[in-house]
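Undergrad: Once you've had a glance at the structure underneath, I'll fire off some questions.
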Amino acid sequence: MTNADYTSSRSAFPIPSADMLSQLPTQFFATLVQNVNREIADGHDVINLGQGNPDTPTPPHIIRSLQESAENPLYHKYSPFRGYAFLKDAVAKRYKEDYNVDLDPETEVAILFGGKTGLVQLPQILLNPGDVCLVPDPGYPDYWSGIAIAQARMSFMPLLESNAFLPDYEAIAADDRQKAKLMFLNYPNNPTSAAAPLSFYEDTVEFAIQNQIVVASDFAYGAIGYDGHRPVSFLQAPGAKEVGIEFYTLSKTYNMAGWRVGFALGNAEIISKINLLQDHIYVSLFGGIQAAAAEALTGPQDCVTSLVAKYASRRDAFYEALSAIGWQAPKPQGSFFGWLPVPGGYSSAEFANILLREAKVAVAPGIGFGSHGEGYVRIGLLSDEQRLQEAAERIGRLQLFN
């Protein structure tokens, strides 16, 4: 056999595949990106409101911190397995200042490679094959991924407009309440943009204790609330740390999506289990990124205030433009998403395809977030006001709301 025989990328024998890979859900956002890129490749000007990728840069003082930290030889070595203490201290201080929540940096904080990593890891840490996890519907699709890898079973909690897009715990089947070991919650909510009051989290703690269910609060949009209302952290509810954890990320608060810095916060036993798994997978984040992340958390917070004001201004301008074309919906309470009803006669996927094909505006069909997402599309406030208004005008020309 010659060397040339080894240059082909085709396998010389059948490559085995774990059963788990075939059980993974379809990566919804990957398909959405492919459709948008196809239109762009054909030369069309697409206004992409379908993704959740912040469109403004990381604040300059955070970037400068990384630049300076990158020159520190200490950070050229392996980081401590569970991250630097200064970063854990920083997020604990931020939670104390913003939410009056006390966290022990050493035992109640885990550093993550982005919030998504923790969301996918947690079911693998807590669930065995066949165990039940309560999942919001509609909800962030990556909750499903970790559950599938754990070979556990999902029980969906409908989020209905009639209940302010909060789950109704009394409506959960008795068998699922008894078998469930984990529950995901997410407020401000992706995709519905709903916010949760403290009373809801108080009820959640009681429900979790009664049914011995671990609560996982996804607080990715925790900094983004409107009309003078700061989003409530699950950890503000009395007893929250006794039943669960909260996932926090710098991606949205500081426009650091590509930096991949997240945290799990709360119950010490769960944090210990997360750290144990990560000891076998990672050697923590690059130290320079940890230093810059600490600067983000402890440095000037006016960048966060300005960012939220920017999203609020975009929200108001866009929803005014939507109202002008006859597309009516309540304004978002939090996050940088809007949750808009589909006009009669269309499924969410059909309507999204029409907008992309005929208006060159990309939105995310609600069905991609679960069966109870049908009848809605999600939009992101991730373009400037003029571009958002142009999107509304393009959609209006289709005369779908007359």
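Residues are referred to by chain and number: the chain letter is A, B, ... according to the order shown in the structure tokens, the number counts from 1 in that chain, and ligands are numbered separately from 1 in the order shown.
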Within 10 Å of range 218-240 of chain A, which residues of range 93-149 of chain A show up? Give each one with its shortest atom-to-atom distance in Å (one decimal) and the two atoms involved, counting only C-alpha atoms, rows by chain then rising residue number, as JSON lines.
TA:
{"residue": "A:Tyr95", "atom": "CA", "partner": "A:Ser233", "partner_atom": "CA", "distance": 9.1}
{"residue": "A:Asp98", "atom": "CA", "partner": "A:Arg230", "partner_atom": "CA", "distance": 9.0}
{"residue": "A:Tyr99", "atom": "CA", "partner": "A:Gln236", "partner_atom": "CA", "distance": 6.7}
{"residue": "A:Asn100", "atom": "CA", "partner": "A:Gln236", "partner_atom": "CA", "distance": 7.4}
{"residue": "A:Val101", "atom": "CA", "partner": "A:Gln236", "partner_atom": "CA", "distance": 6.1}
{"residue": "A:Asp102", "atom": "CA", "partner": "A:Leu235", "partner_atom": "CA", "distance": 9.1}
{"residue": "A:Leu103", "atom": "CA", "partner": "A:Leu235", "partner_atom": "CA", "distance": 9.6}
{"residue": "A:Gly115", "atom": "CA", "partner": "A:Ala220", "partner_atom": "CA", "distance": 7.4}
{"residue": "A:Lys116", "atom": "CA", "partner": "A:Asp218", "partner_atom": "CA", "distance": 9.4}
{"residue": "A:Gly118", "atom": "CA", "partner": "A:Asp218", "partner_atom": "CA", "distance": 9.7}
{"residue": "A:Leu119", "atom": "CA", "partner": "A:Asp218", "partner_atom": "CA", "distance": 8.0}
{"residue": "A:Tyr140", "atom": "CA", "partner": "A:Asp218", "partner_atom": "CA", "distance": 9.6}
{"residue": "A:Tyr143", "atom": "CA", "partner": "A:Asp218", "partner_atom": "CA", "distance": 9.9}
Undergrad: So which residues touch Asn37 in chain A within 12 Å, counting only C-alpha atoms, skipping near sequence neighbours fewer than 4 positions away, as a list in words?
TA: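 Residues near the query, excluding close chain neighbours: Ala30, Thr31, Leu32, Val33, Ala41, Asp42, Gly43, His44, Asp45, Val46, Ile47, Asn48, Leu356, Lys360 and Ala362 of chain A.
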Undergrad: Excluding range 144-160 of chain A and its own-chain neighbours fewer than 3 positions away, which residues fall within 10 Å of it when counting only C-alpha atoms? Please give them as a ChimeraX atom specification.
TA: /A:19-27,116-141,163-169,171-173,176-177,180,182-185,192,194,370-373
Undergrad: Between A:Lys331, A:His280, A:Arg357, A:Arg82, which is the closest to Ala195 in chain A once you count only C-alpha atoms?
TA: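 The closest residue to Ala195 in chain A is A:Lys331.
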Undergrad: Please compute the CA of Val109 in chain A-CA of Ala264 in chain A distance, one decimal, in Å.
TA: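 Separation of CA of Val109 in chain A and CA of Ala264 in chain A: 5.8 Å.
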Undergrad: Please identify all polymer residues within 7 Å of Gly288 in chain A, counting only C-alpha atoms, omitting same-chain residues fewer than 3 positions from it, and present them as JSON, numbers by chain.
TA: {"A": [66, 69, 70, 75, 291, 292]}
Undergrad: Do a neighbour search on Glu350 in chain A at 12 Å with only C-alpha atoms, toss out local chain neighbours closer than 4 positions, and write the hits as a list of chain:residue names.
TA: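 Final neighbour list, sorted by chain and number: A:Val342, A:Pro343, A:Gly344, A:Gly345, A:Tyr346, A:Ile354, A:Leu355, A:Leu356, A:Arg357, A:Glu358, A:Val363, A:Ala364, A:Pro365, A:Gly366, A:Ile367, A:Glu374, A:Gly375, A:Tyr376, A:Val377.
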Undergrad: Quick one, how far is CA of Tyr84 in chain A from CA of Val215 in chain A?
TA: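 Value for the CA of Tyr84 in chain A-CA of Val215 in chain A distance: 26.5 Å.
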Undergrad: Pick the closest to Thr253 in chain A from A:Asn72, A:Thr204, A:Ser65, A:Ser335: which is it, counting only C-alpha atoms?
TA: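 When distances to Thr253 in chain A are compared using only C-alpha atoms, the smallest one comes from A:Ser335.
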Undergrad: Find the residues around Ile245 in chain A up to 7 Å (only C-alpha atoms counted), leave out those fewer than 3 positions away in its own chain, and share them as a list in words.
TA: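 Counting only the stated atoms, we get Val215, Ala216, Ser217, Lys241, Ala264, Leu265, Gly266 and Asn267 of chain A.
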Undergrad: Leu388 in chain A: which residues within 8 Å, counting only C-alpha atoms, same-chain residues fewer than 6 positions away excluded, as a list in words?
TA: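 Counting only C-alpha atoms, the residues come to Arg314, Ala317, Phe318 and Leu381 of chain A.
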Undergrad: Could you pull out the alpha helix (DSSP H) residues of range 148-240 of chain A from DSSP and send them as an MDAnalysis selection string?
TA: chainID A and resid 148:149 174:179 198:211 240
Undergrad: Check the DSSP output for the backbone and give back, as a PyMOL selection string, the residues of range 39-218 of chain A in strand (DSSP E).
TA: chain A and resi 47-48+109-112+132-137+153-158+180-186+214-218
